[in-house]
Amino acid sequence: MEIKVVKQILAWNEDVSDKIHLVTSEKRIAIVNVMGSPGAGKTSLIKNIIDNLRGDYSIGVIEGDIAGMIDAETIDKMGIPVVQLQTDGACHIEAMAIENILGRFDLDKLDVIFVENIGNLVCPAEFNIGEDFRVSILSVPEGDDKVAKYPLMFATTDALIINKADMLPFFDFDVERVKKDTYDVNPGANIFPVSSRNGDGFPEFLDWLRNRINEKIKS
Ligand SMILES: Nc1nc2c(ncn2[C@@H]2O[C@H](COP(=O)(O)OP(=O)(O)O)[C@@H](O)[C@H]2O)c(=O)[nH]1
Ligand SMILES: [Mg+2]
Ligand SMILES: [Zn+2]
């Protein structure tokens, strides 16, 4: 019985996700689902992306949090349109929430919306939210065994950001192990070691990101 209910909710979520794709295809907007643990560096990554791409793309942000407005206030201060989604305890975002929020943006003006998902390596990966592609973050202090322990998050992502690369000297973190574990479950993954603190690795990631956004909005 339990399993049946979950399947119905997921199927319905897929319908809403498909509806979002129809809207964003018509409006030529790319939606990027940014996922990772609390503190992995999701907000830092989005801020860096905004700094680097705001001259070329019109950017919006949806900040998902269980409570509070902290990340939305950070993005708002950058002069970027942002909506705070408060899930009231829910540990992931579902497509319905994104569908409801889309109307709050001027969709004729936007090129790309970054969605900061709830900090969690587990269930956010189970729910499509109408995104065109996924960026998952694993940061060095979390440990190099996390791909093996939370495979769905890394199997379903388009890009894996290994963030806080500036911390590598202080942790026993084997980048090659993380790459191998990721390719085992996701042979097509694009993996970018970066530091959101000093900008290392960003040019390569931004090249990839621009290409993926352009595929959607210029096709
Ligand atoms: N040393 C270092 N710290 C980082 C880096 N990226 C983020 N941080 C710090 O990690 C903490 C959590 O970052 P935040 O972006 O808020 O993570 P989020 O919870 O995933 O959104 C903050 O104190 C950031 O300054 C990085 O590349 N290197
Ligand atoms: Mg954040
Ligand atoms: Zn959840």
# chains A, B, ... in the order shown; residues from 1 in each chain; ligands from 1
call {"tool": "residues_near_ligand", "arguments": {"ligand": "ligand 3", "cutoff": "9 Å", "atoms": "only C-alpha atoms and all ligand atoms", "output": "count of residues only"}}
result
13
call {"tool": "residues_near_ligand", "arguments": {"ligand": "ligand 2", "cutoff": "10 Å", "atoms": "only C-alpha atoms and all ligand atoms", "output": "list in words"}}
result
Val34, Met35, Gly36, Ser37, Pro38, Gly39, Ala40, Gly41, Lys42, Thr43, Ser44, Leu45, Ile46, Glu63, Gly64, Asp65, Ile70, Asp71, Ala72, Thr74, Glu116, Asn117, Ile118 and Gly119 of chain A
call {"tool": "write_last_selection", "arguments": {"atoms": "N, CA and C atoms", "output": "short mmCIF file (atom, residue, chain, number, x, y, z; two decimals), in the first residue's frame"}}
result
data_model
loop_
_atom_site.label_atom_id
_atom_site.label_comp_id
_atom_site.auth_asym_id
_atom_site.auth_seq_id
_atom_site.Cartn_x
_atom_site.Cartn_y
_atom_site.Cartn_z
N VAL A 34 20.12 22.98 -8.50
CA VAL A 34 21.40 22.94 -7.78
C VAL A 34 21.20 22.21 -6.45
N MET A 35 21.93 21.11 -6.29
CA MET A 35 21.71 20.25 -5.11
C MET A 35 23.01 19.96 -4.37
N GLY A 36 22.88 19.62 -3.10
CA GLY A 36 24.05 19.28 -2.28
C GLY A 36 23.69 19.42 -0.81
N SER A 37 24.58 18.95 0.05
CA SER A 37 24.35 18.98 1.50
C SER A 37 24.26 20.42 2.01
N PRO A 38 23.71 20.61 3.23
CA PRO A 38 23.81 21.92 3.87
C PRO A 38 25.29 22.30 4.00
N GLY A 39 25.63 23.49 3.56
CA GLY A 39 27.00 23.97 3.71
C GLY A 39 27.96 23.54 2.61
N ALA A 40 27.49 22.79 1.62
CA ALA A 40 28.39 22.33 0.55
C ALA A 40 28.86 23.49 -0.31
N GLY A 41 28.04 24.54 -0.37
CA GLY A 41 28.44 25.71 -1.16
C GLY A 41 27.47 26.03 -2.30
N LYS A 42 26.21 25.67 -2.14
CA LYS A 42 25.22 25.94 -3.19
C LYS A 42 25.05 27.44 -3.41
N THR A 43 24.84 28.17 -2.32
CA THR A 43 24.63 29.61 -2.46
C THR A 43 25.90 30.29 -2.97
N SER A 44 27.05 29.85 -2.46
CA SER A 44 28.32 30.44 -2.93
C SER A 44 28.51 30.21 -4.43
N LEU A 45 28.16 29.01 -4.89
CA LEU A 45 28.30 28.70 -6.32
C LEU A 45 27.37 29.60 -7.14
N ILE A 46 26.12 29.72 -6.69
CA ILE A 46 25.15 30.54 -7.43
C ILE A 46 25.62 32.00 -7.47
N GLU A 63 15.16 30.17 -4.13
CA GLU A 63 15.90 29.65 -2.97
C GLU A 63 14.98 28.73 -2.18
N GLY A 64 15.31 27.46 -2.14
CA GLY A 64 14.51 26.51 -1.36
C GLY A 64 15.12 26.33 0.02
N ASP A 65 14.31 26.52 1.04
CA ASP A 65 14.77 26.28 2.40
C ASP A 65 13.61 25.76 3.23
N ILE A 70 17.43 33.62 4.56
CA ILE A 70 18.83 34.08 4.56
C ILE A 70 19.42 34.08 3.15
N ASP A 71 19.26 32.97 2.43
CA ASP A 71 19.88 32.89 1.11
C ASP A 71 19.20 33.83 0.11
N ALA A 72 17.86 33.95 0.22
CA ALA A 72 17.15 34.86 -0.68
C ALA A 72 17.60 36.29 -0.46
N THR A 74 20.52 37.24 0.48
CA THR A 74 21.85 37.35 -0.13
C THR A 74 21.73 37.62 -1.63
N GLU A 116 18.06 26.69 -5.93
CA GLU A 116 18.84 26.07 -4.85
C GLU A 116 17.92 25.14 -4.09
N ASN A 117 18.15 23.84 -4.26
CA ASN A 117 17.29 22.84 -3.63
C ASN A 117 17.58 22.77 -2.13
N ILE A 118 16.76 22.04 -1.39
CA ILE A 118 16.97 21.87 0.04
C ILE A 118 18.29 21.11 0.26
N GLY A 119 19.05 21.54 1.28
CA GLY A 119 20.33 20.90 1.55
C GLY A 119 20.15 19.47 2.03
#
call {"tool": "closest_residue", "arguments": {"among": "A:Lys179, A:Lys47, A:Arg104, A:Arg210", "to": "ligand 1", "atoms": "only C-alpha atoms and all ligand atoms"}}
result
A:Lys47
call {"tool": "atom_distance", "arguments": {"atom1": "CA of Val147 (chain A)", "atom2": "CA of Val194 (chain A)"}}
result
17.0 Å
call {"tool": "residues_around", "arguments": {"residues": "Gly79 (chain A)", "least_positions_apart": "4", "cutoff": "12 Å", "atoms": "only C-alpha atoms", "output": "tab-separated table (two decimals) with C-alpha atoms, in the first residue's frame"}}
result
chain	number	residue	atom	x	y	z
A	47	LYS	CA	26.66	33.87	-6.33
A	50	ILE	CA	25.76	35.41	-11.10
A	51	ASP	CA	28.97	37.48	-10.91
A	54	ARG	CA	25.01	38.36	-15.34
A	58	SER	CA	19.15	37.55	-17.45
A	59	ILE	CA	19.19	35.44	-14.28
A	60	GLY	CA	16.55	34.57	-11.66
A	61	VAL	CA	16.91	32.46	-8.53
A	72	ALA	CA	17.15	34.86	-0.68
A	73	GLU	CA	18.31	38.03	1.07
A	74	THR	CA	21.85	37.35	-0.13
A	75	ILE	CA	20.71	37.03	-3.75
call {"tool": "residues_around", "arguments": {"residues": "Gly103 (chain A)", "least_positions_apart": "5", "cutoff": "12 Å", "atoms": "only C-alpha atoms", "output": "PyMOL selection string"}}
result
chain A and resi 20+23-24+83+97-98+108+110
call {"tool": "write_last_selection", "arguments": {"atoms": "C-alpha atoms", "output": "CSV table (one decimal), in the first residue's frame"}}
result
chain,number,residue,atom,x,y,z
A,20,ILE,CA,7.1,23.3,-16.7
A,23,VAL,CA,6.4,26.8,-20.5
A,24,THR,CA,10.2,27.1,-20.4
A,83,VAL,CA,11.8,34.0,-4.7
A,97,ALA,CA,6.2,24.4,-6.0
A,98,ILE,CA,8.2,25.5,-9.0
A,108,ASP,CA,9.7,37.2,-21.0
A,110,LEU,CA,14.6,35.8,-18.0
call {"tool": "closest_residue", "arguments": {"among": "A:Val82, A:Leu10, A:Ile191, A:Ile161", "to": "ligand 1", "atoms": "only C-alpha atoms and all ligand atoms"}}
result
A:Ile161
call {"tool": "residues_around", "arguments": {"residues": "region 180-189 of chain A", "least_positions_apart": "5", "cutoff": "6 Å", "atoms": "only C-alpha atoms", "output": "list of chain:residue names"}}
result
A:Ala155, A:Asp158, A:Ala159
call {"tool": "closest_residue", "arguments": {"among": "A:Ile113, A:Ile49, A:Ile101, A:Ile213", "to": "ligand 1", "atoms": "only C-alpha atoms and all ligand atoms"}}
result
A:Ile49
call {"tool": "closest_residue", "arguments": {"among": "A:Asp172, A:Asp144, A:Glu26, A:Asp200", "to": "ligand 1", "atoms": "only C-alpha atoms and all ligand atoms"}}
result
A:Asp200
